[in-house]
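Student: My structure is stored as entry_22.cif, with mmCIF, C-alpha atoms and all ligand atoms.
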data_my_file
#
loop_
_atom_site.label_atom_id
_atom_site.label_comp_id
_atom_site.auth_asym_id
_atom_site.auth_seq_id
_atom_site.Cartn_x
_atom_site.Cartn_y
_atom_site.Cartn_z
CA ARG A 1 -27.66 32.00 -10.92
CA ASN A 2 -27.64 28.49 -9.53
CA PRO A 3 -26.66 28.69 -5.84
CA ASP A 4 -24.82 25.37 -6.25
CA ASP A 5 -22.39 27.15 -8.59
CA ALA A 6 -20.80 28.47 -5.39
CA LEU A 7 -18.67 25.31 -5.71
CA TRP A 8 -16.90 24.57 -8.98
CA TYR A 9 -15.42 21.41 -10.45
CA ASN A 10 -13.05 20.00 -12.98
CA SER A 11 -14.74 18.19 -15.82
CA ILE A 12 -13.91 16.23 -18.94
CA THR A 13 -16.20 18.25 -21.20
CA PRO A 14 -18.45 21.30 -20.77
CA GLU A 15 -21.39 19.00 -21.59
CA GLN A 16 -20.72 17.07 -18.42
CA VAL A 17 -21.31 20.12 -16.33
CA ARG A 18 -24.52 20.85 -18.24
CA ASP A 19 -25.67 17.21 -17.99
CA GLY A 20 -24.92 17.07 -14.33
CA THR A 21 -22.61 14.06 -14.77
CA ILE A 22 -19.83 15.80 -12.92
CA GLY A 23 -21.86 17.81 -10.45
CA GLY A 24 -24.29 14.93 -10.05
CA SER A 25 -26.19 14.75 -6.82
CA ALA A 26 -24.58 15.82 -3.58
CA LEU A 27 -23.54 12.94 -1.35
CA THR A 28 -24.60 12.84 2.26
CA ARG A 29 -23.49 9.48 3.64
CA GLY A 30 -21.05 6.62 3.10
CA ASP A 31 -20.74 3.06 4.35
CA GLY A 32 -18.25 0.43 3.19
CA CYS A 33 -17.86 0.86 -0.58
CA TRP A 34 -21.15 2.72 -0.98
CA VAL A 35 -22.23 6.36 -0.88
CA TRP A 36 -25.74 7.84 -0.76
CA ASP A 37 -27.12 11.14 -2.01
CA ALA A 38 -29.78 13.24 -0.34
CA SER A 39 -32.59 11.55 -2.26
CA GLY A 40 -31.47 8.16 -0.94
CA SER A 41 -29.90 6.90 -4.21
CA ARG A 42 -27.01 4.55 -3.58
CA PHE A 43 -23.77 4.40 -5.60
CA LEU A 44 -20.98 1.83 -5.62
CA ASP A 45 -17.87 4.00 -5.36
CA ALA A 46 -15.41 2.41 -7.79
CA ARG A 47 -13.26 5.53 -7.58
CA ALA A 48 -12.83 5.48 -3.77
CA ALA A 49 -13.52 9.24 -3.67
CA LEU A 50 -10.31 10.24 -5.51
CA TRP A 51 -8.52 6.86 -5.34
CA ASN A 52 -7.84 7.34 -1.64
CA THR A 53 -10.68 5.77 0.38
CA THR A 54 -8.79 2.50 0.66
CA LEU A 55 -10.62 1.16 3.71
CA GLY A 56 -14.06 2.33 2.59
CA TYR A 57 -16.26 4.86 4.34
CA SER A 58 -16.71 3.18 7.68
CA ALA A 59 -13.31 2.11 9.03
CA ARG A 60 -14.17 2.35 12.71
CA SER A 61 -10.63 1.95 14.01
CA VAL A 62 -9.42 4.91 11.94
CA VAL A 63 -12.28 7.15 13.05
CA GLY A 64 -11.70 6.05 16.66
CA ALA A 65 -7.98 6.85 16.56
CA MET A 66 -8.63 10.24 14.97
CA THR A 67 -11.27 11.09 17.57
CA THR A 68 -9.01 10.12 20.46
CA GLN A 69 -6.20 12.29 19.08
CA LEU A 70 -8.57 15.18 18.46
CA ARG A 71 -9.51 15.12 22.12
CA ALA A 72 -5.95 14.77 23.46
CA LEU A 73 -3.85 17.12 21.28
CA PRO A 74 -5.78 18.42 18.26
CA VAL A 75 -3.02 20.62 16.78
CA GLY A 76 0.75 20.42 16.54
CA GLN A 77 3.61 21.00 14.13
CA VAL A 78 6.84 19.41 13.00
CA ILE A 79 8.29 22.06 10.71
CA ARG A 80 10.06 24.36 13.12
CA TYR A 81 11.73 23.57 16.47
CA ARG A 82 11.90 20.14 17.99
CA GLN A 83 8.78 19.73 20.01
CA PRO A 84 6.67 17.44 17.89
CA PRO A 85 3.45 15.82 19.02
CA ALA A 86 4.33 12.38 20.42
CA ILE A 87 2.02 10.81 17.85
CA SER A 88 4.25 12.20 15.02
CA LEU A 89 7.30 10.44 16.41
CA GLU A 90 5.35 7.23 16.97
CA TYR A 91 3.96 7.26 13.44
CA ALA A 92 7.31 8.13 11.83
CA ARG A 93 8.93 5.15 13.58
CA ARG A 94 6.07 2.85 12.61
CA LEU A 95 6.05 3.97 8.98
CA VAL A 96 9.77 3.59 8.33
CA SER A 97 9.86 0.22 10.05
CA ALA A 98 7.10 -1.01 7.71
CA LEU A 99 9.16 0.01 4.66
CA PRO A 100 12.35 -1.65 3.33
CA GLY A 101 15.45 -1.11 5.45
CA GLY A 102 17.07 1.64 3.43
CA LEU A 103 14.09 3.98 3.61
CA SER A 104 14.44 5.21 7.14
CA HIS A 105 13.71 8.94 7.41
CA VAL A 106 10.38 10.59 6.76
CA ARG A 107 9.10 14.11 6.29
CA PHE A 108 5.36 14.67 6.30
CA GLY A 109 3.37 17.02 4.11
CA SER A 110 -0.27 17.62 3.37
CA THR A 111 -0.49 16.69 -0.31
CA GLY A 112 1.22 14.49 -2.86
CA SER A 113 1.95 17.55 -4.99
CA GLN A 114 3.82 19.12 -2.12
CA MET A 115 5.95 16.01 -1.56
CA THR A 116 6.89 15.33 -5.21
CA THR A 117 8.03 18.95 -5.29
CA ALA A 118 9.92 18.46 -2.02
CA ALA A 119 11.63 15.35 -3.43
CA VAL A 120 13.00 17.29 -6.41
CA LEU A 121 14.07 20.20 -4.22
CA LEU A 122 15.80 17.77 -1.86
CA SER A 123 17.59 16.08 -4.76
CA ARG A 124 18.83 19.47 -5.96
CA PHE A 125 19.77 20.50 -2.44
CA LEU A 126 21.98 17.41 -2.18
CA ARG A 127 23.73 18.44 -5.37
CA LYS A 128 24.46 21.83 -3.85
CA VAL A 129 25.91 20.19 -0.74
CA ARG A 130 28.18 18.15 -3.01
CA ARG A 131 29.07 21.24 -5.06
CA GLU A 132 27.43 19.80 -8.16
CA ASN A 133 25.65 23.07 -8.72
CA ASP A 134 24.65 22.58 -12.33
CA ARG A 135 23.27 19.10 -11.76
CA THR A 136 19.61 20.10 -11.79
CA ALA A 137 17.77 18.24 -14.57
CA VAL A 138 14.91 15.90 -13.73
CA ILE A 139 13.45 13.33 -16.12
CA GLY A 140 9.99 11.79 -15.91
CA PHE A 141 7.68 9.76 -18.11
CA ARG A 142 4.76 10.89 -20.18
CA LYS A 143 1.41 9.49 -18.93
CA SER A 144 2.55 10.29 -15.41
CA TYR A 145 0.88 12.50 -12.85
CA HIS A 146 2.86 13.98 -10.00
CA GLY A 147 0.49 16.69 -8.84
CA THR A 148 -0.48 20.23 -9.48
CA GLY A 149 1.06 23.67 -9.03
CA GLY A 150 4.55 24.82 -10.05
CA MET A 151 7.09 22.01 -9.90
CA ALA A 152 4.51 19.22 -9.43
CA SER A 153 2.72 20.31 -12.62
CA ALA A 154 6.02 20.49 -14.46
CA LEU A 155 6.85 16.94 -13.34
CA SER A 156 3.51 15.60 -14.58
CA GLY A 157 3.91 14.12 -18.02
CA GLU A 158 0.71 15.12 -19.76
CA ARG A 159 0.91 18.37 -21.65
CA GLN A 160 -2.64 19.50 -20.87
CA LEU A 161 -1.68 19.57 -17.19
CA HIS A 162 0.76 22.34 -18.05
CA ALA A 163 -1.98 24.70 -19.26
CA LEU A 164 -2.34 27.84 -17.12
CA GLN A 165 0.98 27.02 -15.44
CA SER A 166 3.20 28.75 -17.95
CA PRO A 167 6.02 29.45 -17.50
CA LEU A 168 6.74 26.12 -15.83
CA PRO A 169 9.80 25.71 -13.61
CA PRO A 170 12.67 24.80 -15.96
CA GLY A 171 14.86 21.71 -16.00
CA VAL A 172 12.16 19.03 -16.26
CA HIS A 173 12.18 16.66 -19.23
CA HIS A 174 9.88 13.82 -20.28
CA VAL A 175 10.29 10.66 -22.32
CA PRO A 176 7.49 8.41 -23.65
CA ALA A 177 5.89 6.05 -21.12
CA TRP A 178 8.33 3.25 -20.18
CA ASP A 179 10.57 3.92 -23.19
CA LEU A 180 13.85 3.05 -21.49
CA ASP A 181 15.90 3.58 -24.63
CA ALA A 182 14.56 7.13 -24.79
CA LEU A 183 15.31 7.51 -21.09
CA GLY A 184 18.93 6.42 -21.59
CA ALA A 185 19.22 8.75 -24.60
CA ALA A 186 17.79 11.65 -22.56
CA VAL A 187 20.38 11.07 -19.82
CA ASP A 188 23.17 10.94 -22.40
CA GLY A 189 21.79 13.95 -24.26
CA LEU A 190 21.57 16.13 -21.18
CA GLY A 191 24.85 14.76 -19.85
CA PRO A 192 24.69 12.25 -16.96
CA ASP A 193 26.43 14.75 -14.67
CA LYS A 194 23.62 17.23 -15.29
CA VAL A 195 20.76 14.91 -14.25
CA SER A 196 19.75 15.16 -10.62
CA ALA A 197 16.81 12.75 -10.52
CA ILE A 198 14.48 10.46 -12.41
CA ILE A 199 10.90 10.36 -11.15
CA LEU A 200 8.39 7.60 -11.87
CA GLU A 201 5.13 6.00 -10.78
CA PRO A 202 5.53 2.19 -10.81
CA VAL A 203 2.11 2.10 -12.47
CA LEU A 204 1.62 5.28 -14.51
CA GLY A 205 -1.66 6.78 -13.32
CA THR A 206 -2.80 8.31 -16.60
CA GLY A 207 -4.54 5.44 -18.33
CA VAL A 208 -3.06 2.91 -15.86
CA VAL A 209 0.17 1.77 -17.54
CA PRO A 210 2.14 -0.69 -15.37
CA ALA A 211 5.93 -0.82 -15.64
CA PRO A 212 6.85 -3.68 -17.99
CA SER A 213 8.58 -6.59 -16.30
CA GLY A 214 12.15 -5.67 -15.30
CA ALA A 215 11.78 -1.98 -16.21
CA LEU A 216 11.98 -0.64 -12.64
CA ALA A 217 15.22 -2.56 -12.02
CA ARG A 218 16.67 -1.21 -15.27
CA VAL A 219 15.86 2.36 -14.28
CA ARG A 220 17.54 1.69 -10.91
CA GLN A 221 20.65 0.43 -12.72
CA LEU A 222 20.73 3.52 -14.93
CA CYS A 223 20.49 5.72 -11.83
CA ASP A 224 23.24 3.76 -10.06
CA ARG A 225 25.51 3.98 -13.08
CA HIS A 226 25.34 7.77 -13.12
CA GLY A 227 24.65 8.66 -9.49
CA ILE A 228 21.13 9.89 -10.31
CA HIS A 229 18.47 9.90 -7.57
CA LEU A 230 15.49 7.65 -8.20
CA ILE A 231 12.27 9.21 -6.91
CA ALA A 232 9.33 6.79 -6.74
CA ASP A 233 5.93 8.43 -6.58
CA GLU A 234 3.67 5.88 -4.91
CA VAL A 235 0.91 8.31 -3.98
CA THR A 236 -1.52 6.09 -5.88
CA THR A 237 0.20 2.68 -5.99
CA GLY A 238 1.13 2.59 -2.29
CA PHE A 239 -0.76 1.52 0.81
CA GLY A 240 -2.23 -1.64 -0.64
CA ARG A 241 -3.67 -0.34 -3.91
CA THR A 242 -1.36 -2.64 -5.90
CA GLY A 243 -1.40 -5.44 -3.31
CA ALA A 244 1.56 -4.28 -1.23
CA LEU A 245 2.50 -1.39 1.03
CA SER A 246 4.92 -0.28 -1.70
CA ARG A 247 4.94 -1.52 -5.27
CA MET A 248 8.65 -0.71 -5.52
CA ALA A 249 9.36 -2.88 -2.47
CA TRP A 250 7.24 -5.68 -3.94
CA GLU A 251 9.39 -5.48 -7.09
CA GLY A 252 12.55 -5.43 -4.98
CA VAL A 253 13.69 -2.03 -6.26
CA GLU A 254 14.59 0.60 -3.70
CA PRO A 255 14.27 4.27 -4.60
CA ASP A 256 16.35 7.02 -3.01
CA MET A 257 13.15 8.88 -2.26
CA LEU A 258 9.65 7.52 -1.90
CA VAL A 259 6.55 9.72 -2.02
CA LEU A 260 3.38 8.46 -0.35
CA GLY A 261 -0.12 9.92 -0.03
CA LYS A 262 -3.78 9.11 -0.66
CA GLY A 263 -4.28 5.75 1.12
CA ILE A 264 -1.76 6.73 3.81
CA THR A 265 -4.71 7.79 5.99
CA ALA A 266 -7.28 5.75 4.05
CA GLY A 267 -8.18 9.19 2.67
CA TYR A 268 -9.81 10.26 5.93
CA VAL A 269 -7.64 13.33 6.36
CA PRO A 270 -4.94 14.96 4.19
CA LEU A 271 -1.43 13.55 4.60
CA ALA A 272 1.54 12.80 2.37
CA ALA A 273 5.07 11.66 3.10
CA LEU A 274 8.55 11.81 1.62
CA VAL A 275 10.67 8.91 2.83
CA THR A 276 14.38 8.78 2.17
CA THR A 277 17.58 6.92 2.90
CA ASP A 278 20.38 7.15 5.47
CA GLU A 279 22.63 8.38 2.70
CA VAL A 280 20.38 11.35 1.95
CA PHE A 281 19.85 12.00 5.64
CA ASP A 282 23.54 11.89 6.45
CA THR A 283 24.52 14.04 3.48
CA ALA A 284 21.98 16.78 3.95
CA LEU A 285 19.19 16.45 6.45
CA SER A 286 21.31 15.98 9.56
CA ARG A 287 23.58 18.97 8.82
CA PRO A 288 23.33 21.80 11.31
CA ASP A 289 23.16 24.31 8.46
CA PHE A 290 20.42 22.40 6.70
CA ALA A 291 17.43 24.55 5.89
CA PHE A 292 14.64 23.09 3.86
CA PRO A 293 12.14 25.89 3.61
CA HIS A 294 9.49 23.65 2.24
CA GLY A 295 6.60 22.90 4.54
CA SER A 296 3.08 24.01 5.23
CA THR A 297 1.25 24.86 8.42
CA ALA A 298 -0.95 21.78 8.53
CA ASP A 299 1.79 19.23 7.68
CA ALA A 300 1.91 16.19 9.95
CA HIS A 301 -1.35 17.18 11.56
CA PRO A 302 -1.71 15.08 14.73
CA VAL A 303 -5.10 13.76 13.62
CA ALA A 304 -3.52 12.62 10.34
CA MET A 305 -0.70 10.95 12.29
CA ALA A 306 -3.27 9.07 14.38
CA ALA A 307 -5.11 8.00 11.23
CA GLY A 308 -1.78 6.84 9.76
CA VAL A 309 -1.03 4.62 12.76
CA ALA A 310 -4.53 3.13 12.61
CA VAL A 311 -4.16 2.38 8.88
CA LEU A 312 -0.82 0.63 9.46
CA ASP A 313 -2.51 -1.44 12.17
CA VAL A 314 -5.15 -2.59 9.68
CA LEU A 315 -2.52 -3.44 7.05
CA ALA A 316 0.05 -4.96 9.42
CA ASP A 317 -0.67 -8.65 8.91
CA GLY A 318 -0.74 -8.43 5.11
CA THR A 319 -4.15 -10.11 4.79
CA LEU A 320 -5.67 -7.17 2.93
CA PHE A 321 -2.72 -7.06 0.49
CA ALA A 322 -3.26 -10.72 -0.41
CA THR A 323 -6.98 -10.12 -0.86
CA VAL A 324 -6.29 -7.15 -3.15
CA ARG A 325 -3.97 -9.24 -5.35
CA GLU A 326 -6.44 -12.07 -5.61
CA ARG A 327 -9.56 -9.91 -6.04
CA GLY A 328 -7.80 -7.58 -8.47
CA SER A 329 -6.79 -10.36 -10.85
CA ARG A 330 -10.24 -11.92 -10.74
CA LEU A 331 -11.81 -8.53 -11.40
CA GLN A 332 -9.51 -7.99 -14.37
CA ASP A 333 -10.53 -11.36 -15.82
CA ARG A 334 -14.22 -10.53 -15.46
CA LEU A 335 -13.79 -7.06 -16.97
CA ALA A 336 -12.00 -8.54 -19.98
CA GLU A 337 -15.26 -10.35 -20.85
CA LEU A 338 -17.00 -6.98 -21.42
CA PRO A 339 -17.04 -5.28 -24.85
CA VAL A 340 -13.88 -3.29 -24.12
CA HIS A 341 -10.57 -2.81 -25.94
CA ASP A 342 -8.13 -3.59 -23.13
CA VAL A 343 -7.99 -4.29 -19.40
CA ARG A 344 -4.72 -3.73 -17.53
CA GLY A 345 -3.48 -2.90 -14.09
CA VAL A 346 -2.05 -4.20 -10.86
CA GLY A 347 -4.13 -5.21 -7.84
CA LEU A 348 -7.13 -2.92 -7.52
CA MET A 349 -5.67 -0.24 -9.79
CA ILE A 350 -7.33 -1.16 -13.06
CA GLY A 351 -7.66 0.59 -16.41
CA VAL A 352 -10.39 -0.41 -18.87
CA GLU A 353 -9.68 1.09 -22.28
CA LEU A 354 -12.66 1.81 -24.51
CA ARG A 355 -12.65 2.09 -28.30
CA ASP A 356 -15.43 2.38 -30.84
CA ASP A 357 -16.31 -0.21 -33.48
CA ALA A 358 -13.74 1.29 -35.86
CA GLY A 359 -11.04 0.76 -33.22
CA GLU A 360 -10.72 4.49 -32.51
CA PRO A 361 -10.36 5.68 -28.91
CA LEU A 362 -13.73 6.78 -27.51
CA SER A 363 -14.12 10.56 -27.79
CA ALA A 364 -14.40 12.82 -24.76
CA SER A 365 -18.13 13.20 -25.28
CA ALA A 366 -18.59 9.42 -25.59
CA MET A 367 -16.59 9.02 -22.37
CA ALA A 368 -18.88 11.57 -20.73
CA ARG A 369 -21.77 9.36 -21.79
CA VAL A 370 -20.08 6.36 -20.12
CA HIS A 371 -19.84 8.38 -16.90
CA GLN A 372 -23.47 9.34 -17.20
CA GLU A 373 -24.65 5.77 -17.81
CA CYS A 374 -22.52 4.56 -14.90
CA ALA A 375 -24.08 7.16 -12.60
CA ALA A 376 -27.52 6.07 -13.81
CA GLU A 377 -26.51 2.50 -12.91
CA GLY A 378 -25.39 3.61 -9.46
CA LEU A 379 -21.66 3.29 -10.19
CA LEU A 380 -19.08 6.05 -9.69
CA ILE A 381 -15.95 5.85 -11.86
CA THR A 382 -13.02 8.01 -12.90
CA SER A 383 -11.42 8.10 -16.33
CA THR A 384 -8.42 9.52 -18.13
CA ASP A 385 -8.70 9.96 -21.90
CA ASN A 386 -10.51 6.84 -23.18
CA THR A 387 -9.69 4.66 -20.19
CA VAL A 388 -12.07 4.03 -17.31
CA VAL A 389 -9.95 4.00 -14.18
CA LEU A 390 -11.28 1.70 -11.47
CA MET A 391 -9.88 2.10 -7.98
CA PRO A 392 -12.53 0.86 -5.56
CA PRO A 393 -11.94 0.70 -1.83
CA LEU A 394 -9.60 -2.23 -1.14
CA VAL A 395 -12.19 -3.72 1.19
CA ILE A 396 -14.55 -4.37 -1.74
CA SER A 397 -16.15 -7.82 -1.45
CA GLU A 398 -16.37 -10.50 -4.11
CA ARG A 399 -20.09 -9.76 -4.54
CA GLU A 400 -19.45 -6.05 -4.87
CA CYS A 401 -16.82 -6.78 -7.56
CA ASP A 402 -19.47 -8.74 -9.47
CA GLU A 403 -21.87 -5.83 -9.04
CA LEU A 404 -19.19 -3.43 -10.35
CA VAL A 405 -18.66 -5.54 -13.48
CA ARG A 406 -22.39 -5.90 -14.08
CA ARG A 407 -23.06 -2.15 -13.75
CA LEU A 408 -20.05 -1.12 -15.83
CA GLY A 409 -21.02 -3.64 -18.53
CA THR A 410 -24.55 -2.24 -18.74
CA ALA A 411 -23.25 1.33 -18.88
CA VAL A 412 -20.63 0.61 -21.57
CA ARG A 413 -23.13 -1.27 -23.75
CA ARG A 414 -25.66 1.56 -23.44
CA ALA A 415 -23.06 4.23 -24.15
CA ARG A 416 -21.98 2.42 -27.31
CA THR A 417 -25.49 2.24 -28.80
N1 LIG B 501 1.29 11.70 -7.53
C1 LIG B 501 0.40 10.81 -7.95
C2 LIG B 501 0.87 9.53 -8.55
C3 LIG B 501 -0.98 11.06 -7.83
O1 LIG B 501 -1.87 10.17 -8.28
C4 LIG B 501 -1.39 12.27 -7.23
C5 LIG B 501 -2.86 12.60 -7.02
N2 LIG B 501 -3.74 12.07 -7.93
C6 LIG B 501 -0.41 13.17 -6.81
C7 LIG B 501 0.92 12.85 -6.96
C8 LIG B 501 -0.77 14.48 -6.20
O2 LIG B 501 -1.28 14.29 -4.94
P1 LIG B 501 -2.25 15.40 -4.31
O3 LIG B 501 -3.51 15.38 -5.11
O4 LIG B 501 -2.43 14.94 -2.89
O5 LIG B 501 -1.53 16.70 -4.38
#
Here is a file; write its structure as structure tokens.
Tutor:
Amino acid sequence: RNPDDALWYNSITPEQVRDGTIGGSALTRGDGCWVWDASGSRFLDARAALWNTTLGYSARSVVGAMTTQLRALPVGQVIRYRQPPAISLEYARRLVSALPGGLSHVRFGSTGSQMTTAAVLLSRFLRKVRRENDRTAVIGFRKSYHGTGGMASALSGERQLHALQSPLPPGVHHVPAWDLDALGAAVDGLGPDKVSAIILEPVLGTGVVPAPSGALARVRQLCDRHGIHLIADEVTTGFGRTGALSRMAWEGVEPDMLVLGKGITAGYVPLAALVTTDEVFDTALSRPDFAFPHGSTADAHPVAMAAGVAVLDVLADGTLFATVRERGSRLQDRLAELPVHDVRGVGLMIGVELRDDAGEPLSASAMARVHQECAAEGLLITSTDNTVVLMPPLVISERECDELVRRLGTAVRRART
């Protein structure tokens, strides 16, 4: 037995585990956009750990704020009884004031999965309050990811994510990615008065599929027409990844519920948030009989709250957002010069689709080879299906972007020979 098998991983193919492309070498240190393994090899982390290390590995202000909080009040809770750590109140106020006016109440959780689930439960709870008891259906898009476990798995649009989860919680339906005619037909088919919520990622994470121009506003109109809640899952797209704090806000479309995660603490410590409107708050959350038995022990951990405040401080003047927009579009242009099928994305959330010479999507084993060649080039990437998903730290420099393109180009060319 290999002692390292004490820890196990997800992989694209069994070969990857055998080849060591997924296990790879264990990392011991990080700085900026780079990580090192024990042998001293250096990798450019174009996946920002798991799309969350937005400020890179050495954001001193975040580490400082976390350390200060750890010394002052290292543990606290906000689920039961009103005696929250002061830092939770401070952060909640700061977060809602950074978001558009309507989104003014926040609940914190530990993971994105937990908060997409909470959003659906909250939507259904509101229906109960309004005595719309059979209004429970939720519709999402294929190519979406909303997390893992129970409801979050059910919400995710890719069928393979449903494996091992059977039976899934009922009442969740999917339509093809950004097919708004199919969405309208699904609402009509189920009956508009049976649909509680529509959930979407403004850029679908699986394969990186941005909403076509005007699509988000059209979904909002559909929701308004039928009194359906719009849940925006910005776990990936939020906190600067797409060049704004919230992609929905950038597009001028306000959801009824907004789910945030990943970059919310620059990835330094687990935190997710569900932000909602006065209307939701007044209808349900402020009721004396309101019970929302959906929270976990470590939610709103004070150290996460401190990290959240520090991240907002870094983002406050908008400079990083502007850099992400500019750098992202330049990076997309450069990537399009490589022998690849398609480059798409928003800001520094970029998908690079790979096909073979016959125009067929690269197979899973060929994609594993791309991963392997990237690792050999000192470049860490993620992928879904035949699309390389690039989400480097937002603090990536112009030179590091060039390095990313050069290394990916070498790896793709080698993998195709
Ligand atoms: N929603 C989206 C859009 C995500 O990308 C993810 C994580 N990849 C989640 C939800 C789930 O978040 P977590 O992994 O923190 O449970």
Student: Could I get the residues of chain A with an atom no further than 7 Å from an atom of ligand LIG 501 (chain B), each paired with its nearest atom pair and that distance in Å to one decimal, using only C-alpha atoms and all ligand atoms, sorted by chain and residue number, as JSON lines?
Tutor:
{"residue": "A:Thr111", "atom": "CA", "partner": "B:LIG501", "partner_atom": "O4", "distance": 3.7}
{"residue": "A:Gly112", "atom": "CA", "partner": "B:LIG501", "partner_atom": "O2", "distance": 3.3}
{"residue": "A:Ser113", "atom": "CA", "partner": "B:LIG501", "partner_atom": "O5", "distance": 3.6}
{"residue": "A:Gln114", "atom": "CA", "partner": "B:LIG501", "partner_atom": "O5", "distance": 6.3}
{"residue": "A:Thr116", "atom": "CA", "partner": "B:LIG501", "partner_atom": "C7", "distance": 6.7}
{"residue": "A:Tyr145", "atom": "CA", "partner": "B:LIG501", "partner_atom": "C1", "distance": 5.2}
{"residue": "A:His146", "atom": "CA", "partner": "B:LIG501", "partner_atom": "N1", "distance": 3.7}
{"residue": "A:Gly147", "atom": "CA", "partner": "B:LIG501", "partner_atom": "C8", "distance": 3.7}
{"residue": "A:Thr148", "atom": "CA", "partner": "B:LIG501", "partner_atom": "O5", "distance": 6.3}
{"residue": "A:Glu201", "atom": "CA", "partner": "B:LIG501", "partner_atom": "C2", "distance": 6.0}
{"residue": "A:Gly205", "atom": "CA", "partner": "B:LIG501", "partner_atom": "C2", "distance": 6.1}
{"residue": "A:Asp233", "atom": "CA", "partner": "B:LIG501", "partner_atom": "C2", "distance": 5.5}
{"residue": "A:Glu234", "atom": "CA", "partner": "B:LIG501", "partner_atom": "C2", "distance": 5.9}
{"residue": "A:Val235", "atom": "CA", "partner": "B:LIG501", "partner_atom": "C1", "distance": 4.7}
{"residue": "A:Thr236", "atom": "CA", "partner": "B:LIG501", "partner_atom": "O1", "distance": 4.7}
{"residue": "A:Gly261", "atom": "CA", "partner": "B:LIG501", "partner_atom": "O4", "distance": 6.2}
{"residue": "A:Lys262", "atom": "CA", "partner": "B:LIG501", "partner_atom": "O4", "distance": 6.4}
{"residue": "A:Ala272", "atom": "CA", "partner": "B:LIG501", "partner_atom": "O4", "distance": 6.9}
Student: Looking at A:Ala249, A:Ala284, A:Val346, A:Ala298, which one is nearest to Arg130 (chain A), with distances taken over all atoms listed in the file?
Tutor: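 Residue with the minimum atom-to-atom distance to Arg130 (chain A): A:Ala284.
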Student: Hey, which of A:Gly345, A:Pro100, A:Gly149, A:Pro170 ends up closest to Leu245 (chain A)? Count all atoms listed in the file.
Tutor: A:Pro100
Student: Taking all atoms listed in the file into account, which of A:Arg71, A:Arg131, A:Arg124, A:Arg327 comes nearest His229 (chain A)?
Tutor: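 Among A:Arg71, A:Arg131, A:Arg124, A:Arg327, it is A:Arg124 that comes nearest to His229 (chain A).
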Student: Can you work out which one of A:Gly240, A:Ile139, A:Cys223, A:Val62 has the shortest atom-to-atom distance to Gly308 (chain A), counting all atoms listed in the file?
Tutor: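 Comparing A:Gly240, A:Ile139, A:Cys223, A:Val62 against Gly308 (chain A), the winner is A:Val62.
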Student: Show me the residues close to (-2.2, 1.1, -15.7) - anything with an atom within 12 Å, counting all atoms listed in the file - and format the list as a PyMOL selection string.
Tutor: chain A and resi 143-144+177-178+201-212+236-237+241-242+332+342-353+383-384+387-391
Student: Around the point (-12.2, -1.8, -2.1) in the file's coordinates, collect all residues with an atom within 9 Å, using all atoms listed in the file, and return them as a JSON list (two decimals) with C-alpha atoms, in the coordinates of the input.
Tutor:
[["chain", "number", "residue", "atom", "x", "y", "z"],
["A", 32, "GLY", "CA", -18.25, 0.43, 3.19],
["A", 33, "CYS", "CA", -17.86, 0.86, -0.58],
["A", 45, "ASP", "CA", -17.87, 4.00, -5.36],
["A", 46, "ALA", "CA", -15.41, 2.41, -7.79],
["A", 48, "ALA", "CA", -12.83, 5.48, -3.77],
["A", 53, "THR", "CA", -10.68, 5.77, 0.38],
["A", 54, "THR", "CA", -8.79, 2.50, 0.66],
["A", 55, "LEU", "CA", -10.62, 1.16, 3.71],
["A", 56, "GLY", "CA", -14.06, 2.33, 2.59],
["A", 241, "ARG", "CA", -3.67, -0.34, -3.91],
["A", 324, "VAL", "CA", -6.29, -7.15, -3.15],
["A", 348, "LEU", "CA", -7.13, -2.92, -7.52],
["A", 391, "MET", "CA", -9.88, 2.10, -7.98],
["A", 392, "PRO", "CA", -12.53, 0.86, -5.56],
["A", 393, "PRO", "CA", -11.94, 0.70, -1.83],
["A", 394, "LEU", "CA", -9.60, -2.23, -1.14],
["A", 395, "VAL", "CA", -12.19, -3.72, 1.19],
["A", 396, "ILE", "CA", -14.55, -4.37, -1.74],
["A", 397, "SER", "CA", -16.15, -7.82, -1.45],
["A", 400, "GLU", "CA", -19.45, -6.05, -4.87],
["A", 401, "CYS", "CA", -16.82, -6.78, -7.56]]
Student: Please compute the CA of Val35 (chain A)-CA of Arg399 (chain A) distance, one decimal, in Å.
Tutor: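 So the answer is 16.7 Å.
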Student: Ranking A:Gly378, A:Pro74, A:Gly227, A:Gly171 by minimum distance to His301 (chain A) and counting only C-alpha atoms, which one comes first?
Tutor: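 Closest residue, counting only C-alpha atoms: A:Pro74.
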Student: Near Val75 (chain A), counting all atoms listed in the file, which residues have an atom at most 8 Å away, once you skip same-chain residues fewer than 2 positions from it, shown as JSON, numbers by chain?
Tutor: {"A": [70, 73, 77, 301, 302, 303]}
Student: Give me, as a PDB file with C-alpha atoms, keeping the file's coordinate frame, all polymer residues having an atom no more than 9 Å from Gly409 (chain A), counting all atoms listed in the file and skipping those fewer than 3 positions away in the same chain.
Tutor:
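Below is the file that was written, part-v3.pdb:
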ATOM      1  CA  LEU A 335     -13.790  -7.060 -16.970  1.00  0.00           C
ATOM      2  CA  LEU A 338     -17.000  -6.980 -21.420  1.00  0.00           C
ATOM      3  CA  PRO A 339     -17.040  -5.280 -24.850  1.00  0.00           C
ATOM      4  CA  LEU A 404     -19.190  -3.430 -10.350  1.00  0.00           C
ATOM      5  CA  VAL A 405     -18.660  -5.540 -13.480  1.00  0.00           C
ATOM      6  CA  ARG A 406     -22.390  -5.900 -14.080  1.00  0.00           C
ATOM      7  CA  VAL A 412     -20.630   0.610 -21.570  1.00  0.00           C
ATOM      8  CA  ARG A 413     -23.130  -1.270 -23.750  1.00  0.00           C
ATOM      9  CA  ARG A 414     -25.660   1.560 -23.440  1.00  0.00           C
TER      10      ARG A 414
END
